[in-house]
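Encoded as structure tokens, the structure appears first; notes follow it.
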Amino acid sequence: MNFPFYIARRYLFSKKSTHAINAISAISVVGVAVATMALVVTLSVFNGFHDLVASLFTSFDPQLKVAPAVGKVAPADDPLLAEVRRLPDVAVATETLEDMALAVYGDRQAVVTLKGVADNFDSLTHIRSILVGEGGYELYAGGMSFGILGIRLAETLGTGYRFDNPLKIYAPRREGQLNMANPADGFVEDELYSPGALFCVQQAKYDKNYIVAPIGFARSLFDRQGMVSALELRLRPGADFEAVKAEIKGIVGDKYTVKDRFEQQDDTFRIMKIEKFIAYIFLTFILTVACFNIIGSLSMLIIDKKADVATLRNLGASDSQIVRVFLFEGRMISAIGAAIGVLLGLLLCWLQQAFGIVKLGSTSGSFIVDAYPVSVHPTDVALVFATVLAVGFLAVWYPVRHFAKRLL
């Protein structure tokens with residue numbers, strides 16, 4: 001058995017001559033445990049919000065999006081895109097064309113992003129699950145093109161779920177010169193009708209700015225016949241996502257970008273990662289402060305065991321072994337506090353997941369979810385445990401060696 005570890009274990013669990021040492025040791029364990037628990041819970045809450053936002057974007061964003069690396073559009077009959085469509089792991093491939101336009105309804109107007117989609121867009125995404133209103137998912141009927149607005153855009157324009165009058169859409173002409181005598185001639189005008197439904201992604205980026213319309217309507221409005229701004233893909237169940245993504249990148253090369261859902265919303269998820277990292281740094285500082293209790297406990301223990309140190313030296317223990325006894329003592333306090341903190345953190349996360357104890361607001365339905373979302377990731381738990389051990393070990397190394405050398 002490791003001699004310094006054996007002595008350290010006896011010191012930790014045995015009664016001391018001064019009861020204050022026992023109390024300070026217990027406080028040290030509690031301090032480390034509370035800081036560890038806070039780290040586990042906080043990181044899990046950030047994971048919960050991350051997963052919640054990702055699930056919202058899943059309703060509208062494709063699994064993979066192949067878009068031109070340079071410029072806005074590419075030919076729909078590009079052989080590279082045709083080869084991507086033929087991949088056996090691609091279940092649904094749909095063409096989309098989106099650009100900015102001006103929407104006018106009555107005396108209200110708004111600059112919008114018009115997204116023209118193919119007929120199989122509902123097979124690509126979960127858009128049917130986010131529709132609200134009396135109508136359903138429908139792009140055209142009887143020679144009329146329908147436009148499905150984001151719910152906040154409908155509020156801005158005052159259309160309601162179903163607008164009786166057509167929604168006028170304007171886009172600048174791509175060719176020709178602007179006639180200042182007749183500025184209206186510089187715009188292409190068309191009309192969209194209501195299918196009686198709006199979509200609600202619960203993300204302002206889409207709900208406030210987007211209109212989904214037939215791709216033929218978008219091509220005519222923007223004068224982009226035979227062009228696409230992206231080829232959006234859904235893979236077959238069981239397909240190796242990363243392998244298929246790499247294969248598509250190999251096919252299209254530098255001519256197109258290939259992005260998954262997280263890369264399509266890179267700005268949003270990057271901000272969330274930064275926030276999570278900053279929270280981790282701040283809580284680690286708090287953990288460092290908690291570890292100062294360990295230093296106080298060890299310094300008093302070294303003084304209390306001065307007679308034992310002399311006995312150990314007479315029995316043949318070297319100075320380095322005696323120093324290691326107190327180092328092991330501090331490390332054991334850190335390890336026990338870390339283990340207790342991780343277990344308590346996991347317990348709190350489970351209680352929050354099961355019962356939603358901590359609410360986001362006092363009124364039900366005010367937010368997307370009523371309680372703080374929690375998602376425990378094993379990698380975060382391992383990171384927290386390793387951080388606590390590292391901070392605890394570093395916090396006791398210099399003080400123990402300093403005090404021990406003065407008393408040996």
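Within each chain, counting starts at residue 1; across the structure tokens, chains are named A, B, ... in the order shown, with ligands numbered 1 upward in that order.
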>> Env of stretch 139-145 of chain A: 8 Å cut, atoms = only C-alpha atoms, seq-sep filter 5 positions within chain, self excluded. Answer as number ranges by chain.
In response: A: 119, 191-193, 195, 213-214, 217
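The neighbours of A:Asp260 here are the residues that come within 8 Å of it, using only C-alpha atoms and leaving out any residue fewer than 5 positions away in the same chain; they are Pro62, Gln63, Leu64 and Lys65 of chain A.
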>> Residues near A:Arg173, anyone? I mean within 6 Å using only C-alpha atoms, not counting same-chain ones fewer than 5 positions away, as a VMD selection string.
In response: chain A and resid 186 to 188
Write the residues of the preceding selection, restricted to N, CA and C atoms, as a PDB file, in the first residue's frame.
ATOM      1  N   GLY A 186     -39.487  50.076 -62.338  1.00  0.00           N
ATOM      2  CA  GLY A 186     -38.240  49.385 -62.000  1.00  0.00           C
ATOM      3  C   GLY A 186     -38.448  48.189 -61.099  1.00  0.00           C
ATOM      4  N   PHE A 187     -39.687  47.851 -60.804  1.00  0.00           N
ATOM      5  CA  PHE A 187     -39.977  46.732 -59.918  1.00  0.00           C
ATOM      6  C   PHE A 187     -40.881  45.720 -60.615  1.00  0.00           C
ATOM      7  N   VAL A 188     -40.667  44.460 -60.295  1.00  0.00           N
ATOM      8  CA  VAL A 188     -41.564  43.396 -60.718  1.00  0.00           C
ATOM      9  C   VAL A 188     -42.604  43.215 -59.619  1.00  0.00           C
TER      10      VAL A 188
END
> So which residues of stretch 37-286 of chain A fall under strand (DSSP E) by DSSP, listed as a count of residues only?
Replying inline: 75
> Can you list, as a PyMOL selection string, every protein, DNA or RNA residue that comes within 10 Å of A:Asp122 when you count only C-alpha atoms, leaving out same-chain residues fewer than 6 positions away?
Replying inline: chain A and resi 59-60+94+128-129+137-138
> Near stretch 378-393 of chain A, counting only C-alpha atoms, which residues have an atom at most 10 Å away, once you skip same-chain residues fewer than 2 positions from it, shown as a PyMOL selection string?
Replying inline: chain A and resi 32-33+35-41+43-44+47+280+284-285+287-292+294-295+327-328+330-339+341-343+345-346+375-376+395-398
Output the selection as a tab-separated table (two decimals), in the first residue's frame - N, CA and C atoms for each residue.
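That gives us part-v2.tsv:
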chain	number	residue	atom	x	y	z
A	32	VAL	N	-16.32	22.69	-1.94
A	32	VAL	CA	-15.97	22.09	-3.23
A	32	VAL	C	-17.19	21.42	-3.85
A	33	ALA	N	-17.99	20.74	-3.01
A	33	ALA	CA	-19.18	20.04	-3.53
A	33	ALA	C	-20.19	21.03	-4.10
A	35	ALA	N	-19.62	24.10	-5.31
A	35	ALA	CA	-19.09	24.66	-6.55
A	35	ALA	C	-19.18	23.65	-7.69
A	36	THR	N	-18.89	22.39	-7.40
A	36	THR	CA	-19.00	21.35	-8.42
A	36	THR	C	-20.43	21.16	-8.87
A	37	MET	N	-21.35	21.13	-7.92
A	37	MET	CA	-22.77	20.99	-8.25
A	37	MET	C	-23.23	22.16	-9.13
A	38	ALA	N	-22.78	23.39	-8.82
A	38	ALA	CA	-23.16	24.55	-9.62
A	38	ALA	C	-22.64	24.42	-11.04
A	39	LEU	N	-21.43	23.92	-11.20
A	39	LEU	CA	-20.87	23.72	-12.54
A	39	LEU	C	-21.70	22.73	-13.35
A	40	VAL	N	-22.02	21.59	-12.73
A	40	VAL	CA	-22.79	20.55	-13.43
A	40	VAL	C	-24.16	21.08	-13.84
A	41	VAL	N	-24.85	21.75	-12.92
A	41	VAL	CA	-26.21	22.23	-13.20
A	41	VAL	C	-26.18	23.34	-14.25
A	43	LEU	N	-23.90	24.09	-16.62
A	43	LEU	CA	-23.56	23.59	-17.96
A	43	LEU	C	-24.70	22.77	-18.54
A	44	SER	N	-25.42	22.03	-17.70
A	44	SER	CA	-26.54	21.23	-18.19
A	44	SER	C	-27.71	22.11	-18.64
A	47	ASN	N	-26.79	23.39	-21.99
A	47	ASN	CA	-27.04	22.31	-22.96
A	47	ASN	C	-28.52	22.19	-23.27
A	280	TYR	N	-18.66	28.83	-17.47
A	280	TYR	CA	-17.71	27.83	-16.96
A	280	TYR	C	-16.50	28.51	-16.31
A	284	THR	N	-15.53	28.41	-12.34
A	284	THR	CA	-14.23	27.85	-11.98
A	284	THR	C	-13.49	28.78	-11.02
A	285	PHE	N	-13.66	30.10	-11.21
A	285	PHE	CA	-13.08	31.05	-10.26
A	285	PHE	C	-13.70	30.88	-8.88
A	287	LEU	N	-14.95	28.14	-7.74
A	287	LEU	CA	-14.38	26.88	-7.24
A	287	LEU	C	-13.00	27.12	-6.65
A	288	THR	N	-12.19	27.95	-7.30
A	288	THR	CA	-10.85	28.24	-6.79
A	288	THR	C	-10.92	28.89	-5.42
A	289	VAL	N	-11.86	29.81	-5.24
A	289	VAL	CA	-12.04	30.44	-3.93
A	289	VAL	C	-12.44	29.41	-2.89
A	290	ALA	N	-13.33	28.48	-3.28
A	290	ALA	CA	-13.76	27.44	-2.35
A	290	ALA	C	-12.59	26.56	-1.93
A	291	CYS	N	-11.62	26.39	-2.81
A	291	CYS	CA	-10.47	25.54	-2.49
A	291	CYS	C	-9.53	26.17	-1.47
A	292	PHE	N	-9.67	27.48	-1.21
A	292	PHE	CA	-8.85	28.10	-0.17
A	292	PHE	C	-9.20	27.56	1.20
A	294	ILE	N	-9.57	24.49	1.80
A	294	ILE	CA	-8.73	23.31	1.94
A	294	ILE	C	-7.35	23.72	2.47
A	295	ILE	N	-6.84	24.86	1.99
A	295	ILE	CA	-5.53	25.33	2.44
A	295	ILE	C	-5.55	25.59	3.94
A	327	LEU	N	-0.24	16.38	0.98
A	327	LEU	CA	-0.74	16.59	-0.38
A	327	LEU	C	-1.90	15.64	-0.68
A	328	PHE	N	-1.74	14.38	-0.29
A	328	PHE	CA	-2.82	13.41	-0.48
A	328	PHE	C	-4.06	13.82	0.30
A	330	GLY	N	-5.11	16.90	0.98
A	330	GLY	CA	-5.82	17.92	0.22
A	330	GLY	C	-6.47	17.37	-1.02
A	331	ARG	N	-5.81	16.46	-1.69
A	331	ARG	CA	-6.37	15.88	-2.91
A	331	ARG	C	-7.60	15.02	-2.60
A	332	MET	N	-7.56	14.33	-1.47
A	332	MET	CA	-8.72	13.52	-1.09
A	332	MET	C	-9.93	14.40	-0.78
A	333	ILE	N	-9.67	15.54	-0.11
A	333	ILE	CA	-10.78	16.47	0.15
A	333	ILE	C	-11.38	16.96	-1.17
A	334	SER	N	-10.51	17.30	-2.13
A	334	SER	CA	-11.00	17.75	-3.44
A	334	SER	C	-11.78	16.65	-4.15
A	335	ALA	N	-11.25	15.42	-4.13
A	335	ALA	CA	-11.91	14.32	-4.83
A	335	ALA	C	-13.26	13.98	-4.21
A	336	ILE	N	-13.32	13.97	-2.86
A	336	ILE	CA	-14.59	13.66	-2.19
A	336	ILE	C	-15.60	14.76	-2.49
A	337	GLY	N	-15.17	16.03	-2.40
A	337	GLY	CA	-16.08	17.14	-2.72
A	337	GLY	C	-16.56	17.08	-4.15
A	338	ALA	N	-15.64	16.73	-5.09
A	338	ALA	CA	-16.02	16.63	-6.50
A	338	ALA	C	-17.05	15.53	-6.71
A	339	ALA	N	-16.83	14.37	-6.09
A	339	ALA	CA	-17.76	13.25	-6.26
A	339	ALA	C	-19.14	13.59	-5.71
A	341	GLY	N	-20.38	16.59	-5.23
A	341	GLY	CA	-20.96	17.65	-6.04
A	341	GLY	C	-21.53	17.16	-7.35
A	342	VAL	N	-20.81	16.24	-8.01
A	342	VAL	CA	-21.32	15.68	-9.27
A	342	VAL	C	-22.61	14.92	-9.03
A	343	LEU	N	-22.65	14.12	-7.97
A	343	LEU	CA	-23.87	13.34	-7.68
A	343	LEU	C	-25.05	14.27	-7.36
A	345	GLY	N	-25.36	17.39	-8.34
A	345	GLY	CA	-25.71	18.08	-9.57
A	345	GLY	C	-26.57	17.22	-10.49
A	346	LEU	N	-26.19	15.94	-10.62
A	346	LEU	CA	-26.98	15.04	-11.45
A	346	LEU	C	-28.37	14.82	-10.86
A	375	SER	N	-30.16	19.36	-20.02
A	375	SER	CA	-29.65	18.22	-20.78
A	375	SER	C	-28.25	17.90	-20.28
A	376	VAL	N	-28.09	16.74	-19.69
A	376	VAL	CA	-26.80	16.33	-19.12
A	376	VAL	C	-25.98	15.64	-20.19
A	395	ALA	N	-4.31	23.98	-6.05
A	395	ALA	CA	-4.52	24.91	-4.94
A	395	ALA	C	-3.75	24.48	-3.69
A	396	VAL	N	-3.56	23.18	-3.50
A	396	VAL	CA	-2.92	22.71	-2.26
A	396	VAL	C	-1.42	22.44	-2.44
A	397	TRP	N	-0.94	22.39	-3.67
A	397	TRP	CA	0.44	21.97	-3.89
A	397	TRP	C	1.45	22.92	-3.24
A	398	TYR	N	1.39	24.21	-3.60
A	398	TYR	CA	2.38	25.15	-3.06
A	398	TYR	C	2.20	25.40	-1.56
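Non-sequential neighbours of A:Asp207 (distance at most 6 Å, separation of 5 or more positions within a chain, only C-alpha atoms) are Gly150, Ile151, Arg152 and Cys200 of chain A.
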Go ahead and save the picked residues with all heavy atoms, as a PDB file, in the first residue's frame.
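Result file selection26.pdb:
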ATOM      1  N   GLY A 150     -44.566  33.960 -41.873  1.00  0.00           N
ATOM      2  CA  GLY A 150     -44.222  33.788 -40.472  1.00  0.00           C
ATOM      3  C   GLY A 150     -45.213  34.530 -39.602  1.00  0.00           C
ATOM      4  O   GLY A 150     -45.743  35.580 -39.980  1.00  0.00           O
ATOM      5  N   ILE A 151     -45.485  34.016 -38.424  1.00  0.00           N
ATOM      6  CA  ILE A 151     -46.572  34.545 -37.604  1.00  0.00           C
ATOM      7  C   ILE A 151     -46.312  35.986 -37.178  1.00  0.00           C
ATOM      8  O   ILE A 151     -47.237  36.811 -37.108  1.00  0.00           O
ATOM      9  CB  ILE A 151     -46.805  33.632 -36.379  1.00  0.00           C
ATOM     10  CG1 ILE A 151     -48.112  34.002 -35.672  1.00  0.00           C
ATOM     11  CG2 ILE A 151     -45.623  33.657 -35.420  1.00  0.00           C
ATOM     12  CD1 ILE A 151     -48.570  32.955 -34.679  1.00  0.00           C
ATOM     13  N   ARG A 152     -45.063  36.351 -36.927  1.00  0.00           N
ATOM     14  CA  ARG A 152     -44.771  37.730 -36.528  1.00  0.00           C
ATOM     15  C   ARG A 152     -44.791  38.675 -37.731  1.00  0.00           C
ATOM     16  O   ARG A 152     -45.113  39.850 -37.586  1.00  0.00           O
ATOM     17  CB  ARG A 152     -43.423  37.785 -35.808  1.00  0.00           C
ATOM     18  CG  ARG A 152     -43.439  37.061 -34.459  1.00  0.00           C
ATOM     19  CD  ARG A 152     -42.119  37.131 -33.751  1.00  0.00           C
ATOM     20  NE  ARG A 152     -41.745  38.510 -33.427  1.00  0.00           N
ATOM     21  CZ  ARG A 152     -40.606  38.838 -32.811  1.00  0.00           C
ATOM     22  NH1 ARG A 152     -39.755  37.871 -32.466  1.00  0.00           N
ATOM     23  NH2 ARG A 152     -40.325  40.090 -32.556  1.00  0.00           N
ATOM     24  N   CYS A 200     -44.987  29.004 -37.492  1.00  0.00           N
ATOM     25  CA  CYS A 200     -44.444  29.539 -36.237  1.00  0.00           C
ATOM     26  C   CYS A 200     -43.251  28.683 -35.819  1.00  0.00           C
ATOM     27  O   CYS A 200     -43.425  27.629 -35.198  1.00  0.00           O
ATOM     28  CB  CYS A 200     -45.521  29.544 -35.154  1.00  0.00           C
ATOM     29  SG  CYS A 200     -44.949  30.201 -33.565  1.00  0.00           S
TER      30      CYS A 200
END
> Nearest to A:Met100 among A:Ala171, A:Ala67, A:Ile251, A:Leu153, with distances taken over only C-alpha atoms: which residue is it?
Replying inline: A:Ala171
>> Give me, as a VMD selection string, the residues of stretch 127-297 of chain A that a backbone DSSP run labels helix (DSSP H, G or I).
In response: chain A and resid 127 to 130 151 to 157 183 to 186 204 to 207 215 to 222 241 to 252 261 to 264 266 to 297
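Distance-wise, atom CA of A:Gln109 and atom CA of A:Phe222 end up 18.6 Å apart.
Considering only C-alpha atoms, the residue among A:Val112, A:Ala279, A:Phe262, A:Val84 positioned nearest to A:Leu56 is A:Phe262.
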